[in-house]
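Report on the structure given below.
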Number of protein chains: 2
Amino acid sequence: LLQGRFIEAITETVGRENILLDPVDLTVYGTDASTFYSKPAIIVFPPTAEAAARALKLANDYDVPVVPRGAGTGLTGGAVPYKEDSMILASTRNDRILELDLSSFIVSVEPGIVLGNLNKFLSKHGLFIPVEPASDSVCTVGGNVSTNAVGLRGLKYGSFRESVAYLDVATMEGEILRVGSTTRKMASGYDLLDLFIGSEGTLGYVTRVGLRLEKIPRHRVAVSGAFDDHQRVVKAALEVLARGLKPSIMEFMDKFTVRAVSQYLEKDDLLGYDILILEFEGYTKGETMTQSRIAERVIEGFGGRAKLWDSNSEIWDFRKACLPALTAVKPKVTLFDLALPLGKLEDGLQEVYRISGDMKLDIGVFGHLGDGIYHPCLLMDPFSQEGEKLDDALKALSELAVEFGGSLSGEHGIGLEKKPYFAMEHPKTNIELMKRWKRILDPKGLMNPGKIWEE
Amino acid sequence: LLQGRFIEAITETVGRENILLDPVDLTVYGTDASTFYSKPAIIVFPPTAEAAARALKLANDYDVPVVPRGAGTGLTGGAVPYKEDSMILASTRNDRILELDLSSFIVSVEPGIVLGNLNKFLSKHGLFIPVEPASDSVCTVGGNVSTNAVGLRGLKYGSFRESVAYLDVATMEGEILRVGSTTRKMASGYDLLDLFIGSEGTLGYVTRVGLRLEKIPRHRVAVSGAFDDHQRVVKAALEVLARGLKPSIMEFMDKFTVRAVSQYLEKDDLLGYDILILEFEGYTKGETMTQSRIAERVIEGFGGRAKLWDSNSEIWDFRKACLPALTAVKPKVTLFDLALPLGKLEDGLQEVYRISGDMKLDIGVFGHLGDGIYHPCLLMDPFSQEGEKLDDALKALSELAVEFGGSLSGEHGIGLEKKPYFAMEHPKTNIELMKRWKRILDPKGLMNPGKIWEE
């Protein structure tokens, strides 16, 4: 159990009202959206950036492991403690918009702001942050930074990395670093900013995020294609790109997932099909319509049934329901985050289904096809004793990623879930470089320990 | 003088035909496109990636400083030796295209390939690398990596960083690291790739570059605006962005620069004006024309004279002639690389002219307005004894950058030119982190020493 003297000191630092110690609360904070669980010893909501820095310094002095946490929507156990007697540092009470600089196209926020809420606020100015994870109504900007989140519009706008102008990061030394810049371009010294983005809370605690703003496009049109088989979806998608069309979104849902969502939402127009969903953006309606019409012809050329949709139509609710719908089929869903080079999308998907068949495991697949990201979701019974099967499946999918020159994660991070396989993807020297970098900022190894790689 | 034993060993490693030792050659390689000069002791052209790695290992064993070099088009002295008895490792003989993966939209090249030549080759496939420095007919891809180059299309496509999928980097240990991935997205471990991009050859020698391909847009239109004063150029430019128009290029040339180019190219349509040049890209002609027409109205609304141009017209030759034309006015030109938040562009430019007036120094300004980059060019007589004045001007411009929340470099790097001012921009802790990172890869400090920061 955590030393009383630490509890005393941290209470003095952040105030009693910003601490949870009740066993029920601790249990709630013992899990995230993954299937991992481990009870922390204390939950701290730092009232200010400076309080967060002081809390880290104290943890460093008392050798207390720290787990940073946003909304807990992570799927890999990144916010679940790995060590006994961990302190959770939670950003959810720090959700203010600190500065909106319309002339420089930068908004500065606290890390606990919900991305969807921020976008709702920005829409009044015709602006948005173009990253759109399916969880955007819940997930926090700090969490988006920690996993380098992507979501739907990554094909056009990049990862969260491309939206981050600067970060303030509190370190274990109790300092607050500013990395990055409000300029649009920078070639002055090493790029420290990008080291922190996607580091899964293992280097420091983000206290402030500067984000780049985009103008909301004037026109958006969605196009869906319903196909008899998944190979044709991939072929059609690659042909859309090869023709020089510029979709902002290019999504995939397989028959299994479509069936789950059809049941979940009680809509069955797409039942029985593997589907592709595209979106085109433009300043003119002609730009979006011309591209949509050509995309329709590509879809039909591969034997698909094409349909145009308004940009705010139910097709996106259909897409965003994938994970909850699959969870309704079998409540224990483990989502893999397979990133492949575009040229390996067809063979890669075949392999996923081979693994599913060989292992007699239900796998529903959806994902961001244009970004080369598949989410094979492994469905298991809640009380099944199939833990070993799950490990084997995760290992097989990791092998697939590496064999095809891909990555174990496109946008969700490694967390606890995939750390046993991390060394399959990265050469020893690279992992050693990462560890040495971590040691510079966190010599005692207290910042979200046990994540990403095996110790 | 360099030890004979090192010369022997390196000759054995790379072959006599890949070494220059003649004093005339050494003199040639003692400078780049900056005004710095310092004679190296040996020039080595590593015939393969492995030979480059072995050459670095040897240099490490013999304590020989190494200066990596591409075409030598850098403007900050990054390729000029700082220490006595340096070895230049030159990539110019390694200019092959190694692999073109059309389905994954990746091309893999050797570092010495000239960017313009690569784009010429790619255009046959309707593809391009969207970074377009004015020196693209000469500069190498390896050099683009080292400074995180930008150029004309950064506003739409980002820095060189956004175009790099992966790098192979030879280290002082004689290893070759692979950082990055051919996937479009990745959230697996720390982002080592971006650390190397823009590191000005201080961490290792790039032996292979994987670049992301873009389809060449079907339509491009350019729009110029000629204004009586520079404030109006900036106001019009920001209004174009505020209206949600999406230019791919947004360039600025001031009266002084326009006059130099008008004389240099013997074209005087724009003489007497501060000018803005925009480009719009689209899948449809309607998209580009609609945006161009609105941009025209914005220009006219601010009292400018607007004109539409074909995308391949002489307006781009006019823009790309800035630096040579200014050099024709006075041959000693020092180009500063001021990056500002967009909201500071107007005040920042005023300040540049104030410095010019106060110091009685000819300054011509052009730059990538949409990316917040100004290039104030300090013109001096070739044999002038105004060295002190130059230092004062660089210091004043650096102070300006920092005061307005900007950066000392948007795209050219710090090199030797701005290292006295580097610490004005970056907090001590950040610089210490950069130095510690360098020490991990280059414990003896032999990789392009003396650049970026003061020792």
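We name chains A, B, ... following the order of the structure tokens; residues begin at 1 in each chain, and ligands are numbered from 1 as shown.
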
Residues near region 197-209 of chain A, anyone? I mean within 8 Å using only C-alpha atoms, not counting same-chain ones fewer than 3 positions away, as a PyMOL selection string.
(chain A and resi 49+52+67-68+78+108-111+141-142+145-149+161+164-172+193-194+413+415+438+441-442+447-449+451-452) or (chain B and resi 187-191)

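On the backbone of this structure, DSSP gives alpha helix (DSSP H) within region 82-157 of chain B to Leu115, Gly116, Asn117, Leu118, Asn119, Lys120, Phe121, Leu122, Ser123, Val141, Gly142, Gly143, Asn144, Val145, Ser146, Thr147, Gly154, Leu155, Lys156 and Tyr157 of chain B.
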
How about saving the chosen residues, N, CA, C and O atoms kept, as a tab-separated table (two decimals), in the first residue's frame?
chain	number	residue	atom	x	y	z
B	115	LEU	N	16.16	16.31	-56.46
B	115	LEU	CA	14.70	16.28	-56.30
B	115	LEU	C	13.98	16.51	-57.62
B	115	LEU	O	13.02	15.81	-57.96
B	116	GLY	N	14.45	17.50	-58.39
B	116	GLY	CA	13.82	17.80	-59.68
B	116	GLY	C	13.91	16.63	-60.66
B	116	GLY	O	12.96	16.37	-61.41
B	117	ASN	N	15.05	15.92	-60.65
B	117	ASN	CA	15.19	14.76	-61.52
B	117	ASN	C	14.22	13.65	-61.12
B	117	ASN	O	13.62	12.99	-61.97
B	118	LEU	N	14.10	13.46	-59.81
B	118	LEU	CA	13.16	12.46	-59.33
B	118	LEU	C	11.74	12.82	-59.77
B	118	LEU	O	10.99	11.98	-60.26
B	119	ASN	N	11.38	14.08	-59.63
B	119	ASN	CA	10.03	14.49	-60.02
B	119	ASN	C	9.81	14.38	-61.53
B	119	ASN	O	8.70	14.10	-61.97
B	120	LYS	N	10.87	14.60	-62.30
B	120	LYS	CA	10.76	14.42	-63.75
B	120	LYS	C	10.43	12.95	-64.05
B	120	LYS	O	9.53	12.64	-64.83
B	121	PHE	N	11.16	12.05	-63.41
B	121	PHE	CA	10.91	10.63	-63.59
B	121	PHE	C	9.49	10.26	-63.15
B	121	PHE	O	8.76	9.55	-63.85
B	122	LEU	N	9.07	10.77	-62.00
B	122	LEU	CA	7.76	10.41	-61.46
B	122	LEU	C	6.61	10.94	-62.31
B	122	LEU	O	5.53	10.34	-62.37
B	123	SER	N	6.85	12.07	-62.97
B	123	SER	CA	5.76	12.69	-63.74
B	123	SER	C	5.27	11.76	-64.86
B	123	SER	O	4.11	11.84	-65.25
B	141	VAL	N	17.72	15.00	-52.39
B	141	VAL	CA	16.74	14.52	-51.43
B	141	VAL	C	17.36	14.39	-50.03
B	141	VAL	O	16.74	14.73	-49.03
B	142	GLY	N	18.61	13.93	-49.96
B	142	GLY	CA	19.29	13.83	-48.67
B	142	GLY	C	19.38	15.18	-47.99
B	142	GLY	O	19.16	15.31	-46.78
B	143	GLY	N	19.69	16.20	-48.76
B	143	GLY	CA	19.74	17.56	-48.22
B	143	GLY	C	18.37	18.04	-47.77
B	143	GLY	O	18.24	18.70	-46.73
B	144	ASN	N	17.34	17.70	-48.54
B	144	ASN	CA	15.97	18.06	-48.16
B	144	ASN	C	15.60	17.46	-46.80
B	144	ASN	O	14.94	18.09	-45.99
B	145	VAL	N	16.04	16.21	-46.59
B	145	VAL	CA	15.78	15.55	-45.29
B	145	VAL	C	16.50	16.31	-44.18
B	145	VAL	O	15.95	16.56	-43.12
B	146	SER	N	17.76	16.69	-44.46
B	146	SER	CA	18.59	17.26	-43.39
B	146	SER	C	18.05	18.59	-42.88
B	146	SER	O	18.23	18.92	-41.72
B	147	THR	N	17.38	19.37	-43.74
B	147	THR	CA	16.86	20.66	-43.27
B	147	THR	C	15.34	20.67	-43.15
B	147	THR	O	14.76	21.72	-42.89
B	154	GLY	N	4.28	23.84	-49.54
B	154	GLY	CA	4.15	23.43	-48.14
B	154	GLY	C	2.79	23.74	-47.53
B	154	GLY	O	2.31	23.03	-46.65
B	155	LEU	N	2.18	24.80	-48.00
B	155	LEU	CA	0.90	25.22	-47.45
B	155	LEU	C	-0.13	24.10	-47.56
B	155	LEU	O	-0.91	23.85	-46.65
B	156	LYS	N	-0.12	23.40	-48.70
B	156	LYS	CA	-1.06	22.30	-48.86
B	156	LYS	C	-0.48	20.97	-48.41
B	156	LYS	O	-1.17	20.16	-47.80
B	157	TYR	N	0.81	20.73	-48.71
B	157	TYR	CA	1.35	19.38	-48.55
B	157	TYR	C	2.30	19.22	-47.35
B	157	TYR	O	2.79	18.12	-47.11

Residue contacts of Val261 (chain A) (7 Å, only C-alpha atoms) excluding same-chain residues fewer than 3 positions away, as a ChimeraX atom specification
/A:257-258,264-265,318,321-322,325

Write to file, as a compact mmCIF listing (two decimals), in the first residue's frame, the residues of the selection just made, with N, CA, C and O atoms.
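Ended up saving to again.txt:
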# COMPACT_ATOMS: atom_id res chain seq x y z
N THR A 257 -19.15 -7.41 -39.82
CA THR A 257 -19.37 -6.16 -39.10
C THR A 257 -20.68 -5.50 -39.55
O THR A 257 -21.44 -4.97 -38.73
N VAL A 258 -20.93 -5.54 -40.87
CA VAL A 258 -22.16 -4.96 -41.39
C VAL A 258 -23.38 -5.66 -40.77
O VAL A 258 -24.35 -5.01 -40.39
N TYR A 264 -27.75 -4.05 -34.71
CA TYR A 264 -27.62 -3.07 -33.63
C TYR A 264 -28.47 -1.83 -33.89
O TYR A 264 -29.13 -1.30 -33.01
N LEU A 265 -28.44 -1.36 -35.15
CA LEU A 265 -29.18 -0.14 -35.50
C LEU A 265 -30.52 -0.42 -36.16
O LEU A 265 -31.24 0.50 -36.53
N PHE A 318 -23.74 4.65 -39.07
CA PHE A 318 -23.58 3.23 -39.36
C PHE A 318 -22.12 2.83 -39.17
O PHE A 318 -21.81 1.84 -38.52
N ALA A 321 -20.83 2.94 -35.51
CA ALA A 321 -21.42 1.95 -34.60
C ALA A 321 -20.67 0.62 -34.62
O ALA A 321 -21.04 -0.31 -33.88
N CYS A 322 -19.64 0.49 -35.43
CA CYS A 322 -18.95 -0.80 -35.58
C CYS A 322 -18.60 -1.44 -34.25
O CYS A 322 -18.99 -2.56 -33.96
N ALA A 325 -21.49 -2.23 -31.85
CA ALA A 325 -22.32 -3.30 -32.42
C ALA A 325 -21.65 -4.65 -32.27
O ALA A 325 -22.29 -5.65 -31.94

Would you mind listing, for every residue of chain B within 6 Å of chain A, the two atoms forming the shortest contact and the distance between them in Å to one decimal, using only C-alpha atoms, sorted by chain and ascending residue number, as JSON lines?
{"residue": "B:Ser103", "atom": "CA", "partner": "A:Gly343", "partner_atom": "CA", "distance": 4.6}
{"residue": "B:Ser104", "atom": "CA", "partner": "A:Leu342", "partner_atom": "CA", "distance": 4.5}
{"residue": "B:Thr182", "atom": "CA", "partner": "A:Pro341", "partner_atom": "CA", "distance": 5.6}
{"residue": "B:Thr183", "atom": "CA", "partner": "A:Pro341", "partner_atom": "CA", "distance": 4.3}
{"residue": "B:Arg184", "atom": "CA", "partner": "A:Asp371", "partner_atom": "CA", "distance": 5.5}
{"residue": "B:Lys185", "atom": "CA", "partner": "A:Gly410", "partner_atom": "CA", "distance": 5.0}
{"residue": "B:Met186", "atom": "CA", "partner": "A:Gly410", "partner_atom": "CA", "distance": 4.1}
{"residue": "B:Ala187", "atom": "CA", "partner": "A:Gly413", "partner_atom": "CA", "distance": 5.0}
{"residue": "B:Ser188", "atom": "CA", "partner": "A:Ser409", "partner_atom": "CA", "distance": 5.4}
{"residue": "B:Tyr190", "atom": "CA", "partner": "A:Ser199", "partner_atom": "CA", "distance": 5.6}
{"residue": "B:Asp191", "atom": "CA", "partner": "A:Leu195", "partner_atom": "CA", "distance": 5.3}
{"residue": "B:Leu195", "atom": "CA", "partner": "A:Asp191", "partner_atom": "CA", "distance": 5.3}
{"residue": "B:Gly198", "atom": "CA", "partner": "A:Ala187", "partner_atom": "CA", "distance": 5.9}
{"residue": "B:Ser199", "atom": "CA", "partner": "A:Tyr190", "partner_atom": "CA", "distance": 5.6}
{"residue": "B:Lys215", "atom": "CA", "partner": "A:Gly244", "partner_atom": "CA", "distance": 5.5}
{"residue": "B:Gly244", "atom": "CA", "partner": "A:Lys215", "partner_atom": "CA", "distance": 5.5}
{"residue": "B:Thr284", "atom": "CA", "partner": "A:Glu287", "partner_atom": "CA", "distance": 5.7}
{"residue": "B:Glu287", "atom": "CA", "partner": "A:Glu287", "partner_atom": "CA", "distance": 5.7}
{"residue": "B:Leu340", "atom": "CA", "partner": "A:Thr183", "partner_atom": "CA", "distance": 5.3}
{"residue": "B:Pro341", "atom": "CA", "partner": "A:Thr183", "partner_atom": "CA", "distance": 4.3}
{"residue": "B:Leu342", "atom": "CA", "partner": "A:Ser104", "partner_atom": "CA", "distance": 4.5}
{"residue": "B:Gly343", "atom": "CA", "partner": "A:Ser104", "partner_atom": "CA", "distance": 4.5}
{"residue": "B:Asp371", "atom": "CA", "partner": "A:Arg184", "partner_atom": "CA", "distance": 5.5}
{"residue": "B:Gly406", "atom": "CA", "partner": "A:Thr183", "partner_atom": "CA", "distance": 5.9}
{"residue": "B:Ser409", "atom": "CA", "partner": "A:Ala187", "partner_atom": "CA", "distance": 5.1}
{"residue": "B:Gly410", "atom": "CA", "partner": "A:Met186", "partner_atom": "CA", "distance": 4.1}
{"residue": "B:Glu411", "atom": "CA", "partner": "A:Ala187", "partner_atom": "CA", "distance": 5.0}
{"residue": "B:Gly413", "atom": "CA", "partner": "A:Ala187", "partner_atom": "CA", "distance": 5.0}
{"residue": "B:Ile414", "atom": "CA", "partner": "A:Ser188", "partner_atom": "CA", "distance": 6.0}

Write the residues of the preceding selection, restricted to N, CA, C and O atoms, as a tab-separated table (two decimals), in the first residue's frame.
chain	number	residue	atom	x	y	z
B	103	SER	N	1.65	0.62	-56.00
B	103	SER	CA	0.43	0.27	-55.26
B	103	SER	C	0.46	0.84	-53.84
B	103	SER	O	-0.59	1.15	-53.27
B	104	SER	N	1.66	0.99	-53.28
B	104	SER	CA	1.74	1.58	-51.93
B	104	SER	C	2.07	3.07	-51.97
B	104	SER	O	2.19	3.70	-50.93
B	182	THR	N	6.68	2.02	-44.29
B	182	THR	CA	5.96	2.26	-45.54
B	182	THR	C	4.44	2.29	-45.34
B	182	THR	O	3.71	2.50	-46.29
B	183	THR	N	3.99	2.07	-44.11
B	183	THR	CA	2.56	2.25	-43.83
B	183	THR	C	2.25	3.76	-43.85
B	183	THR	O	3.15	4.57	-43.68
B	184	ARG	N	0.99	4.08	-44.05
B	184	ARG	CA	0.64	5.51	-44.06
B	184	ARG	C	0.51	6.07	-42.64
B	184	ARG	O	0.67	7.27	-42.42
B	185	LYS	N	0.20	5.20	-41.70
B	185	LYS	CA	0.03	5.65	-40.32
B	185	LYS	C	0.77	4.69	-39.41
B	185	LYS	O	0.93	3.52	-39.73
B	186	MET	N	1.16	5.16	-38.23
B	186	MET	CA	1.91	4.31	-37.31
B	186	MET	C	1.82	4.89	-35.90
B	186	MET	O	2.01	6.08	-35.70
B	187	ALA	N	1.52	4.03	-34.93
B	187	ALA	CA	1.48	4.46	-33.53
B	187	ALA	C	2.13	3.37	-32.69
B	187	ALA	O	1.57	2.88	-31.73
B	188	SER	N	3.32	2.99	-33.10
B	188	SER	CA	4.01	1.86	-32.48
B	188	SER	C	5.39	2.32	-32.01
B	188	SER	O	6.35	2.34	-32.77
B	190	TYR	N	8.13	5.12	-30.01
B	190	TYR	CA	8.44	6.54	-30.18
B	190	TYR	C	8.77	6.83	-31.64
B	190	TYR	O	9.28	5.98	-32.37
B	191	ASP	N	8.48	8.05	-32.06
B	191	ASP	CA	8.70	8.48	-33.43
B	191	ASP	C	10.17	8.85	-33.63
B	191	ASP	O	10.56	10.00	-33.52
B	195	LEU	N	12.92	12.60	-35.57
B	195	LEU	CA	14.12	13.13	-34.92
B	195	LEU	C	15.24	13.36	-35.93
B	195	LEU	O	16.04	14.28	-35.79
B	198	GLY	N	15.46	17.00	-40.38
B	198	GLY	CA	15.76	18.35	-39.90
B	198	GLY	C	16.90	18.40	-38.91
B	198	GLY	O	17.15	19.44	-38.30
B	199	SER	N	17.64	17.28	-38.74
B	199	SER	CA	18.73	17.27	-37.76
B	199	SER	C	20.05	17.72	-38.38
B	199	SER	O	21.10	17.65	-37.74
B	215	LYS	N	-0.49	11.98	-56.40
B	215	LYS	CA	-0.89	12.10	-57.80
B	215	LYS	C	-0.82	13.58	-58.20
B	215	LYS	O	-1.24	14.45	-57.43
B	244	GLY	N	-11.69	30.42	-46.36
B	244	GLY	CA	-11.78	28.98	-46.60
B	244	GLY	C	-11.30	28.56	-47.98
B	244	GLY	O	-11.50	27.41	-48.37
B	284	THR	N	-11.31	19.23	-60.65
B	284	THR	CA	-12.08	19.85	-61.74
B	284	THR	C	-11.55	21.27	-61.99
B	284	THR	O	-11.02	21.92	-61.09
B	287	GLU	N	-13.33	23.84	-59.79
B	287	GLU	CA	-12.81	24.04	-58.43
B	287	GLU	C	-11.70	25.09	-58.42
B	287	GLU	O	-11.68	25.97	-57.57
B	340	LEU	N	7.10	32.83	-38.74
B	340	LEU	CA	6.22	33.53	-37.80
B	340	LEU	C	4.85	32.86	-37.76
B	340	LEU	O	4.41	32.28	-38.76
B	341	PRO	N	4.15	32.96	-36.61
B	341	PRO	CA	2.73	32.58	-36.62
B	341	PRO	C	2.02	33.49	-37.62
B	341	PRO	O	2.39	34.66	-37.77
B	342	LEU	N	1.00	32.96	-38.29
B	342	LEU	CA	0.35	33.73	-39.35
B	342	LEU	C	-0.15	35.09	-38.85
B	342	LEU	O	-0.07	36.09	-39.56
B	343	GLY	N	-0.64	35.12	-37.61
B	343	GLY	CA	-1.18	36.37	-37.06
B	343	GLY	C	-0.13	37.45	-36.85
B	343	GLY	O	-0.47	38.60	-36.58
B	371	ASP	N	2.78	29.85	-45.30
B	371	ASP	CA	3.44	29.06	-44.26
B	371	ASP	C	4.11	29.94	-43.21
B	371	ASP	O	4.81	29.43	-42.33
B	406	GLY	N	7.97	33.29	-33.03
B	406	GLY	CA	8.33	32.56	-34.23
B	406	GLY	C	9.56	31.70	-34.05
B	406	GLY	O	9.92	31.34	-32.94
B	409	SER	N	14.23	29.49	-37.95
B	409	SER	CA	14.27	28.83	-39.25
B	409	SER	C	12.97	28.10	-39.54
B	409	SER	O	12.48	27.34	-38.70
B	410	GLY	N	12.43	28.34	-40.71
B	410	GLY	CA	11.23	27.64	-41.15
B	410	GLY	C	11.55	26.43	-42.00
B	410	GLY	O	10.79	25.47	-42.03
B	411	GLU	N	12.70	26.48	-42.70
B	411	GLU	CA	12.95	25.41	-43.67
B	411	GLU	C	14.41	25.23	-44.06
B	411	GLU	O	14.73	24.31	-44.80
B	413	GLY	N	17.18	25.39	-41.79
B	413	GLY	CA	18.06	24.94	-40.71
B	413	GLY	C	18.85	26.09	-40.10
B	413	GLY	O	18.78	27.23	-40.55
B	414	ILE	N	19.61	25.75	-39.06
B	414	ILE	CA	20.37	26.73	-38.30
B	414	ILE	C	21.82	26.81	-38.78
B	414	ILE	O	22.36	27.90	-38.96

I need the strand (DSSP E or B) residues of region 131-371 of chain B per DSSP on the backbone, written as number ranges by chain.
B: 132, 140, 151, 164-170, 176-180, 205-212, 214-215, 219-227, 249-253, 274-282, 305-310, 332-335, 337-339, 362-368

In terms of the shortest atom-to-atom distance over only C-alpha atoms, which of A:Asp358, A:Glu84, A:Glu281, A:Asp229 is closest to Glu346 (chain A)?
A:Asp229

Hey, what's within 10 Å of Met253 (chain B) if we count only C-alpha atoms and toss same-chain stuff fewer than 4 positions away? As a PyMOL selection string, please?
chain B and resi 226+230+233+257-259+261+273-277+318-319+322+364-369+374-375
